[in-house]
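The structure under discussion appears below in the form of C-alpha cells.
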Amino acid sequence: MSVTTPIGGEEQRFSIGMLWTDTRYRSTTIQIIALFLVMIAVGFFLQNIYLNLQALGKDFRFDFLFDPASYDINQRLIEYDSQSPHWKAAVVGILNTLLVAFLGCITATIIGVLAGVLRLSKNWVVAKLMTVYIEGVRNVPVLLQILLLYSVFIEVLPKPKKAEPMLDGMLVATNRGFYIPSMVLESGAGVVLGVFALSLIGIVFFRRHARKVQEQTGKVLPVALVSLGLFVLPALLAFFAMGQPIGLENPELKGFNFKGGVHMRNSLVALWLALSIYTGAFIAEVVRAGIQAISKGQSEAAFALGLRPGRTMRLVILPQALRIIIPPTISNFLNLTKNSSLAIAVGYMDATGTLGGITLNQTGREMECILLLMAFYLITSLTISGVMNKYNDMVKLKER
Amino acid sequence: MVKKILPVALGAALGVAGIAGAQAGTLDDVKARGELHCAVSTGLAGFSYTDADGEYQGFDVDYCRALAAAVLGDGSKVKFTPTTGKTRFTALASGEVDVLSRNTTWTFSRDADLKFTFAGVAYYDGQGFMVPKALGVESALQLDGATVCIQTGTTTELNLADFFRANNMSYEPVPIETNTEARQNYLAEACDVYTTDASGLAASRATFENPDDHIVLPEIISKEPLGPLVRHGDEQWSDIARWVLNALVIAEEKGITAANADDMAANSKDPEVLRLLGTSGELGAMIGLDKDYALKAIKAGGNYGEIFERNLGENTKIGLARGLNAQWTQGGLLYAQPYR
Amino acid sequence: MAEQKNAIAFVAREEKPQLPAPASTTGAVGWIRENLFSSIPNMVLTLLSIYLVYVSLPGIIDWVFLKSVWTANSLDECRQISREGACWAVVNERFGQFMYGFYPQELRWRPTLAFVLMLVAYAPLLFDKLPGRKALLLLTLTFPLAAYALLWGGILGIEAVPSNKFGGFLLTLVIGVTGISFSLPLGILLALGRSSDLPFIKVLCVTFIEFIRGVPLITLLFVASTLLNYFLPPSWSFDLILRVIIMVTLFASAYMAEVIRGGLAALPKGQYEAADALGLGYWQSMYLIILPQALKISIPGIVNTFIGLFKDTTLVSVIGLFDPLGIVQPILADSRWNGLVVELYVFVAAFFFIFCFAMSRYSMYLERKLSTGHDR
C-alpha cells in the first residue's frame, strides 16, 4: 500500500502520472472520471429528449392528469366515472394493483407453505404430487398461465343465462366472472360487529395470560378451545339477540347479467389464481429449503424431550426455519406484485392498464405516464422490502 | 462538486439543444433508406392482415404500397410494422414509422395535442354495435346493463362512455387489446355486445362461422373519419401523404385504373388527367417527387375504387357497400381537392 | 431365590439366528404401510391424492393423446372427428410459424443450422469432460458472429432477413440467449461495483440495480417500445428487437448482480486478505482468487436467473412482437381456427417446460458436481 509514499525528508514532487499510479489518488481519479462519464451520458440523454420533444412539438408537463379521463373502468374500489380526471383513473388502477397483490400474497403463502411441507411428507404419493405441481408450475412462464386460466374461464364456464347457481344460490360461476353473496348490514349490525371485535381482543389477552401461567407454573391452559369459544359464541349470541341484523344478498339473474352480490371478474380471478399458484410454487421451494436446513439433531432433541411431532414442528423447527424462509419469501411477494402488471394481458384494469395503458394512449403522454408508473412500482417495491427488512431484523438470530 | 457541475452540464446540454433544432425531412430519410416504414394493424380482415405466405394485404396496406410507389417507384418497398391500438401512436411519434395507416379516427385532440397531421379521410365510418340475434335486442337503447367488449386505446371506448352516459344507462366494459381477442370473447359470449367501427364489425362478422346469427344494430353512435396520418411539422411529407391519397380518389373519379393508366397518360384529352399523371406540367416536383408519381401510385394497386372493391367491396367476404365512401358524384363524401 | 438360580443355569453358546423382520414392515406391503398408511390423516391424504389422480389422469391422457386430432383443416373438422380430444391439427399446420415466425420459408435452414451450431458451441462451456474441448472452445468464440451472419445475413453475401420477420421460438431463443450471454459479464461488473470501496461507483451501481429490480419488466419493455427513441438522436433509430434485447439484458444483469454479490459476500474475508498479502492488484485478485470461487458458489442462482430470463421473454408479446405467445394472435385471426386457444397455450407451455426443466436439472447436476465435500 505505502510503496509509493515518500519516506523521509525530501518531498516527492507531484506529477500527473501519480493520479493513476499512486493509490492515494487513484480512487479519487477513477471516481471523478466516472462522475464525468455519467454526467456526459445524462447530458446526452437529456439533450436528445429535449431535441426530440421539440422536433415533435411536444412538451413535458403533468396537467393532463386533471383533465377528464372520459373512459370507464369496470372494477373500481373508489367512486369513479368517465368524467373523473385522469389522476383518479390512475388511483383506481393503483388500488386494483394493490388489491390483487394483497390477495395474491395471502393465497400464495397458504399454497406455498402447504405444498412445501407436503413435499417433505413421508407419504410417497403426496410428496410426488407436490413435486409434479412445483416443477410443472415453476417452469412455465406466468404470463402463459394467466392467459391459459383466463381462456379456460371464458371457453369452459357457462354464459350467465345458462349458469346454475351453486351452494344454495351463494356461488355463481359464469364466463364473465364469479358471483358471491355480499353482506347486507341492517340496524343492530354494529352491535354484533362490536361484540365480535371485543371477543377478538379477549382472545389476545387470554393467550397472553395463558403463556404467563405456563411460564410461571408450568400449567398448560386449553388455549385452542377457549379461543374458539370466544371467537364464535359471543358474536353468535349477539347476532340472534339483535334479531339477525346481518344478512347475505345472493346474486340473481336480471337482464343481461347477474345483479347483487359481489362480482369477481374473470380477469381478477384468473390473475389472482395464476399469480398465487405460480408464486406459491416458489414459496413451497423456499419453505422446503428452510425446513431441510434445520439440522436433524434439533428434531431428534425435541423427540428426546418427549415432544410430539406436531409440537416439534411448531415449537422447535418452524421458529428456526422461519428465519431462513422469510427473506426469500419477501422477494417472492415483490415478484408477485411486479408480475401483477401482466394484468394488461387479460384486461384487468391495474395501474399498468389505466395509467400506463388507456391514459397513456388517449393523451399521448408516454414520457410522463411511464415515469409515473415506474415511480409507483418503485415506491411499492421499496416500501414492501423496507417493511419486511425491519421485520426480518426483528426475528434475526441475535449474534454476538 | 456534484452540485456545481450538474447545472453547468445541463445548461450546456440545453444550450446545444437550442441551436440544433431542425432535422432531416422524412422524404429524404425514406429515399436514403430505400424503404417506407408503415404502421398497420396487427390483424383486421379487409384492412390489414397477413395471408398464408405472411404477406400483408388489405385496404390500409394498399395505401402504404401506393405511397411507396409514389416516393420510391416500387410498391413492394414497404416495411410493415404491426401495431395495436395502444402502440400505434408511439410508433409514429418516435419515428419508428413514417406513416400510420391503421383505421385511425381523425379527431381534434389527435390532430392538435398528439401533434399528428392527418393526410385526409380514406374511409368514412361510424361506431356501431353487434349482438347475437338470440339476444333479441333491436336497438342500442335496450342495452342497459349489458357487458360490452371494447378495444382499448381507441376512440370507441370514449364514444361508448359518452353514449351510455348521455342515455343514462349503465354497462360493464370488458377492455381488450386486439380485434382477435375481442372476437374470442364475443363468440364465447363473455360479453353481450361488441362495439367498434361499423366496417370493423362487418369485417369481423364476415369471419364468423355463422354470420347470420349476429346483427349489427341500426344506431351509429359516432362519426369516425379514418385516414392515414404522419408526424406534425414536416409539411412536405404530409403534403405527399395527402396528395397520394387524393390522387387515388381523383383517379377513380376520372376513370383511371391500374390497367389503363399508361394509356390514359399518353392519350387522354382531359388536362387534369394529364397533369395528374405527369404528362403535362411538373406538379410532382412541387412536393419533391417525380412528375409521374401519381401514375406509379395508381399502377401499384389501382385507384381508390379498385382498392376498395378488392379488399372490402361487395364481392369480398366482408361485403361492404360503398355508402358514404362513394364519389361525391354518386352521393358519397369522397371529394378530392382539384388537381391544378 | 431358588427360581433365580435355575434361571442362570442356561447360557447360550452361540448367537441365535436373526429372524426376518415382520412381514408387515418389509417388502411392498411394509413400504406401503410405512409410507402411505402410517396414520389416519396420512391415510386420508393418500386416498384423496389417489382419487385425484384417478379422476384427472385418464381425462388428461384422453385429451392429449388418445382422443386428440392431429390432422384437420379447421376447428369444425376437428370437433367432428372427436369432441373430447385436443385439436393438435392447428399446431401441426402452423408448426413452422411457431418455430420461425415469418422467417422466409426457403431460408429456414439458416436458423436451424444456427441452433445446431449453438448446441455445439455451448457444449464445451456446459460440460468440462467433453473430448476435444479446447478445439470446440475456439468455435464458441466465433459463434456469435456466425449466428449473426446466419440469422440476419446481409454480410458475406448471405441474403439479408429483416428482424421483423423473426418470430416464434426463434425469437425466444434470440432474445434469451443474447440476454443470457451479455447479462453475465454485466452482472459481474455491477456486483463488483456494488461491493467496491469507491463510494460514487457503489452508489451508481446500487441505484441502477435497485431501480431495475424495483420495476416490472413490462414497464421496461414499454420504455423499449415507446421511449428509447426519445433518448437517442433521431438518426440512431435501431429496430425494436434490438431495443428489447438491450432492455432484457439490463433487466437480467441487475438480478445477476445480486446473485453474484451473494457469492462475493459468502467468501471468507481471509480470501480477500490473502490476495492482498500476495501483492495482487484489484483486477488480478478478483480474476485469480475471488471471482472463480464466488461464481462457483452462485452457479445455482445464476442458472435460476437464466431460467427466469427465458420465461420472461414471453412478455415481448405484449408489445406486439411475435414470440410463441404473440404468434397465437395471427393464428386465431384465421377464421378456420377461431375459438381454439387452450391447445395453443398448452403447446407453448410444453415447449417452455421442456427447456426450463432441462436447465433446472442441469443446475442441480452442477450443484452436485461442484459441492467439493465441504458440507458436513
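Ordered as shown in the C-alpha cells, chains take letters A, B, and onward, while each chain numbers its residues from 1 and ligands are numbered from 1 in the order shown.
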Quiz item: Any idea what's packed within 10 Å of Glu157 of chain B, counting only C-alpha atoms, ignoring anything in its chain fewer than 3 positions away? Could you give it as a PyMOL selection string?
Solution: (chain A and resi 70-72+358) or (chain B and resi 148-154+160-163+173+175+195-196)
Quiz item: Contacts of Val137 of chain B at 12 Å or less, counting only C-alpha atoms, minus same-chain residues fewer than 3 places along, as a ChimeraX atom specification?
Solution: /A:255-256 /B:129-134,140-144,146,192-193,214-218
Write the residues of the selection above to a file with C-alpha atoms, as a compact mmCIF listing (two decimals), in the first residue's frame.
```txt
# COMPACT_ATOMS: atom_id res chain seq x y z
CA GLY A 255 -81.45 -8.69 -17.64
CA PHE A 256 -78.09 -9.41 -19.24
CA PHE B 129 -72.85 -2.40 -32.04
CA MET B 130 -73.03 -6.06 -32.90
CA VAL B 131 -75.13 -8.51 -30.86
CA PRO B 132 -76.13 -12.14 -31.25
CA LYS B 133 -79.62 -12.42 -32.76
CA ALA B 134 -80.65 -14.75 -29.97
CA ALA B 140 -78.73 0.12 -28.79
CA LEU B 141 -81.06 1.82 -26.32
CA GLN B 142 -82.04 -1.61 -24.97
CA LEU B 143 -78.50 -2.32 -23.86
CA ASP B 144 -78.84 -1.07 -20.29
CA ALA B 146 -75.05 -5.14 -20.86
CA ASP B 192 -73.17 -9.41 -24.90
CA VAL B 193 -72.13 -6.71 -27.31
CA HIS B 214 -75.37 -11.88 -35.44
CA ILE B 215 -76.79 -8.49 -36.26
CA VAL B 216 -75.34 -5.01 -36.33
CA LEU B 217 -77.69 -2.65 -34.51
CA PRO B 218 -79.06 0.30 -36.53
```
Exercise. Would you please give, as a ChimeraX atom specification, all residues of segment 213-376 of chain A that DSSP assigns to helix (DSSP H, G or I) based on the backbone?
Key: /A:213-217,223-241,266-293,296-304,309-345,351-363,366-376
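What chain C places within 6 Å of chain A, counting only C-alpha atoms, is C:Asn35, C:Leu36, C:Gly214, C:Val215, C:Pro216, C:Tyr230, C:Phe231, C:Leu232, C:Pro233, C:Lys311, C:Ala349, C:Phe352, C:Phe353, C:Cys356, C:Phe357.
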Residues from last step as file, N, CA and C atoms, as a PDB file, in the first residue's frame:
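Final output, selection-v7.pdb:
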```
ATOM      1  N   ASN C  35     -45.181 -45.793   4.355  1.00  0.00           N
ATOM      2  CA  ASN C  35     -45.193 -44.537   3.624  1.00  0.00           C
ATOM      3  C   ASN C  35     -46.586 -43.988   3.347  1.00  0.00           C
ATOM      4  N   LEU C  36     -47.562 -44.865   3.259  1.00  0.00           N
ATOM      5  CA  LEU C  36     -48.862 -44.365   2.824  1.00  0.00           C
ATOM      6  C   LEU C  36     -49.924 -44.414   3.909  1.00  0.00           C
ATOM      7  N   GLY C 214     -36.771  -2.833  -8.962  1.00  0.00           N
ATOM      8  CA  GLY C 214     -37.982  -2.286  -8.362  1.00  0.00           C
ATOM      9  C   GLY C 214     -39.144  -2.141  -9.326  1.00  0.00           C
ATOM     10  N   VAL C 215     -38.883  -2.201 -10.622  1.00  0.00           N
ATOM     11  CA  VAL C 215     -39.980  -2.020 -11.577  1.00  0.00           C
ATOM     12  C   VAL C 215     -40.204  -3.312 -12.358  1.00  0.00           C
ATOM     13  N   PRO C 216     -41.447  -3.544 -12.797  1.00  0.00           N
ATOM     14  CA  PRO C 216     -41.727  -4.752 -13.570  1.00  0.00           C
ATOM     15  C   PRO C 216     -41.069  -4.677 -14.948  1.00  0.00           C
ATOM     16  N   TYR C 230     -36.635   8.437 -27.783  1.00  0.00           N
ATOM     17  CA  TYR C 230     -36.520   9.816 -27.316  1.00  0.00           C
ATOM     18  C   TYR C 230     -35.135  10.089 -26.739  1.00  0.00           C
ATOM     19  N   PHE C 231     -34.503   9.027 -26.196  1.00  0.00           N
ATOM     20  CA  PHE C 231     -33.225   9.217 -25.526  1.00  0.00           C
ATOM     21  C   PHE C 231     -32.075   9.298 -26.523  1.00  0.00           C
ATOM     22  N   LEU C 232     -32.330   8.912 -27.752  1.00  0.00           N
ATOM     23  CA  LEU C 232     -31.245   8.820 -28.730  1.00  0.00           C
ATOM     24  C   LEU C 232     -31.490   9.792 -29.869  1.00  0.00           C
ATOM     25  N   PRO C 233     -30.417  10.193 -30.531  1.00  0.00           N
ATOM     26  CA  PRO C 233     -30.596  11.082 -31.679  1.00  0.00           C
ATOM     27  C   PRO C 233     -31.441  10.396 -32.743  1.00  0.00           C
ATOM     28  N   LYS C 311     -38.090 -17.382 -19.340  1.00  0.00           N
ATOM     29  CA  LYS C 311     -39.546 -17.328 -19.223  1.00  0.00           C
ATOM     30  C   LYS C 311     -40.056 -15.916 -19.496  1.00  0.00           C
ATOM     31  N   ALA C 349     -46.729 -23.845 -23.604  1.00  0.00           N
ATOM     32  CA  ALA C 349     -46.313 -24.154 -22.237  1.00  0.00           C
ATOM     33  C   ALA C 349     -45.406 -25.374 -22.212  1.00  0.00           C
ATOM     34  N   PHE C 352     -41.882 -24.445 -23.252  1.00  0.00           N
ATOM     35  CA  PHE C 352     -41.129 -23.748 -22.215  1.00  0.00           C
ATOM     36  C   PHE C 352     -40.767 -24.698 -21.086  1.00  0.00           C
ATOM     37  N   PHE C 353     -41.710 -25.600 -20.770  1.00  0.00           N
ATOM     38  CA  PHE C 353     -41.432 -26.530 -19.674  1.00  0.00           C
ATOM     39  C   PHE C 353     -40.199 -27.363 -19.992  1.00  0.00           C
ATOM     40  N   CYS C 356     -36.991 -25.144 -19.701  1.00  0.00           N
ATOM     41  CA  CYS C 356     -36.669 -24.665 -18.358  1.00  0.00           C
ATOM     42  C   CYS C 356     -36.386 -25.828 -17.417  1.00  0.00           C
ATOM     43  N   PHE C 357     -37.128 -26.924 -17.597  1.00  0.00           N
ATOM     44  CA  PHE C 357     -36.907 -28.083 -16.733  1.00  0.00           C
ATOM     45  C   PHE C 357     -35.506 -28.639 -16.986  1.00  0.00           C
TER      46      PHE C 357
END
```
Quiz prompt | Atomic separation - atom CA of Glu343 of chain C relative to atom CA of Glu285 of chain A, Å | solution =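 Pair atom CA of Glu285 of chain A / atom CA of Glu343 of chain C returns 29.0 Å.
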Quiz item: So, counting only C-alpha atoms, which residue among B:Tyr63, B:Thr107, B:Glu189, B:Phe47 is closest to chain A?
Solution: B:Glu189
Quiz item: Which of these, C:Pro330, C:Gly176, C:Pro22, C:Pro199, has the shortest distance to Ser48 of chain B once you count only C-alpha atoms?
Solution: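 Smallest separation from Ser48 of chain B among the options: C:Pro330.
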Practice problem: With a distance cut-off of 6 Å and only C-alpha atoms, select the neighbouring residues of segment 148-153 of chain C, excluding the residue or stretch itself and same-chain residues fewer than 4 positions from it, and output the selection as a ChimeraX atom specification. | Solution: /C:110-111,158-161
File dump, residues just selected, N, CA and C atoms, as a PDB file, in the first residue's frame:
```
ATOM      1  N   ARG C 110     -31.343 -21.807 -42.193  1.00  0.00           N
ATOM      2  CA  ARG C 110     -30.311 -20.996 -41.544  1.00  0.00           C
ATOM      3  C   ARG C 110     -30.483 -20.940 -40.034  1.00  0.00           C
ATOM      4  N   PRO C 111     -31.679 -20.573 -39.522  1.00  0.00           N
ATOM      5  CA  PRO C 111     -31.837 -20.642 -38.061  1.00  0.00           C
ATOM      6  C   PRO C 111     -31.603 -22.047 -37.505  1.00  0.00           C
ATOM      7  N   ILE C 158     -24.547 -13.233 -47.804  1.00  0.00           N
ATOM      8  CA  ILE C 158     -25.719 -14.014 -47.401  1.00  0.00           C
ATOM      9  C   ILE C 158     -26.937 -13.108 -47.483  1.00  0.00           C
ATOM     10  N   GLU C 159     -28.021 -13.646 -47.996  1.00  0.00           N
ATOM     11  CA  GLU C 159     -29.228 -12.839 -48.176  1.00  0.00           C
ATOM     12  C   GLU C 159     -29.732 -12.293 -46.836  1.00  0.00           C
ATOM     13  N   ALA C 160     -30.034 -11.009 -46.806  1.00  0.00           N
ATOM     14  CA  ALA C 160     -30.443 -10.386 -45.543  1.00  0.00           C
ATOM     15  C   ALA C 160     -31.896 -10.721 -45.220  1.00  0.00           C
ATOM     16  N   VAL C 161     -32.171 -10.911 -43.934  1.00  0.00           N
ATOM     17  CA  VAL C 161     -33.541 -11.112 -43.463  1.00  0.00           C
ATOM     18  C   VAL C 161     -33.817 -10.050 -42.418  1.00  0.00           C
TER      19      VAL C 161
END
```
Practice problem: Measure the distance from atom CA of Ser298 of chain C to atom CA of Tyr122 of chain C in Å and round it to one decimal. | Solution: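 Distance reported for this atom pair: 19.5 Å.
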Just want the 12 Å neighbourhood of Tyr362 of chain C, counted on only C-alpha atoms, with same-chain residues fewer than 3 positions away dropped. Output as a short mmCIF file (atom, residue, chain, number, x, y, z; two decimals) with N, CA and C atoms, in the first residue's frame.
```
data_model
loop_
_atom_site.label_atom_id
_atom_site.label_comp_id
_atom_site.auth_asym_id
_atom_site.auth_seq_id
_atom_site.Cartn_x
_atom_site.Cartn_y
_atom_site.Cartn_z
N LEU C 126 -20.62 -26.01 -21.04
CA LEU C 126 -21.53 -26.63 -20.08
C LEU C 126 -20.96 -27.90 -19.48
N PHE C 127 -20.22 -28.66 -20.27
CA PHE C 127 -19.69 -29.93 -19.77
C PHE C 127 -18.17 -29.93 -19.93
N ILE C 299 -23.45 -20.37 -8.83
CA ILE C 299 -23.95 -21.00 -10.06
C ILE C 299 -25.45 -21.36 -10.02
N PRO C 300 -25.95 -21.97 -8.95
CA PRO C 300 -27.38 -22.28 -8.96
C PRO C 300 -28.22 -21.02 -9.15
N ILE C 302 -27.32 -18.28 -10.63
CA ILE C 302 -27.16 -17.79 -12.00
C ILE C 302 -28.07 -18.55 -12.95
N VAL C 303 -28.08 -19.88 -12.80
CA VAL C 303 -28.94 -20.67 -13.69
C VAL C 303 -30.41 -20.31 -13.47
N ASN C 304 -30.78 -20.08 -12.20
CA ASN C 304 -32.17 -19.69 -11.94
C ASN C 304 -32.51 -18.38 -12.61
N PHE C 306 -31.16 -17.31 -15.33
CA PHE C 306 -31.30 -17.64 -16.75
C PHE C 306 -32.70 -18.17 -17.05
N ILE C 307 -33.15 -19.08 -16.19
CA ILE C 307 -34.48 -19.65 -16.41
C ILE C 307 -35.53 -18.55 -16.37
N PHE C 355 -37.64 -26.76 -21.95
CA PHE C 355 -36.40 -26.00 -21.89
C PHE C 355 -36.01 -25.67 -20.45
N CYS C 356 -36.99 -25.14 -19.70
CA CYS C 356 -36.67 -24.66 -18.36
C CYS C 356 -36.39 -25.83 -17.42
N PHE C 357 -37.13 -26.92 -17.60
CA PHE C 357 -36.91 -28.08 -16.73
C PHE C 357 -35.51 -28.64 -16.99
N ALA C 358 -35.12 -28.70 -18.27
CA ALA C 358 -33.77 -29.18 -18.58
C ALA C 358 -32.73 -28.29 -17.91
N MET C 359 -32.95 -26.97 -17.98
CA MET C 359 -31.99 -26.06 -17.38
C MET C 359 -31.91 -26.26 -15.87
N TYR C 365 -27.34 -30.75 -11.43
CA TYR C 365 -26.16 -31.56 -11.75
C TYR C 365 -24.90 -30.80 -11.39
N LEU C 366 -24.88 -29.49 -11.75
CA LEU C 366 -23.71 -28.66 -11.44
C LEU C 366 -23.50 -28.57 -9.93
N GLU C 367 -24.61 -28.35 -9.23
CA GLU C 367 -24.52 -28.20 -7.78
C GLU C 367 -23.88 -29.43 -7.16
N ARG C 368 -24.33 -30.61 -7.63
CA ARG C 368 -23.78 -31.85 -7.08
C ARG C 368 -22.30 -31.96 -7.42
N LYS C 369 -21.97 -31.58 -8.69
CA LYS C 369 -20.60 -31.74 -9.14
C LYS C 369 -19.67 -30.79 -8.39
#
```
Quiz prompt | chain C contacts to chain B at 7 Å (only C-alpha atoms) as a PyMOL selection string | solution = chain C and resi 102+226+229-230+320+329-330+332-333+335+339
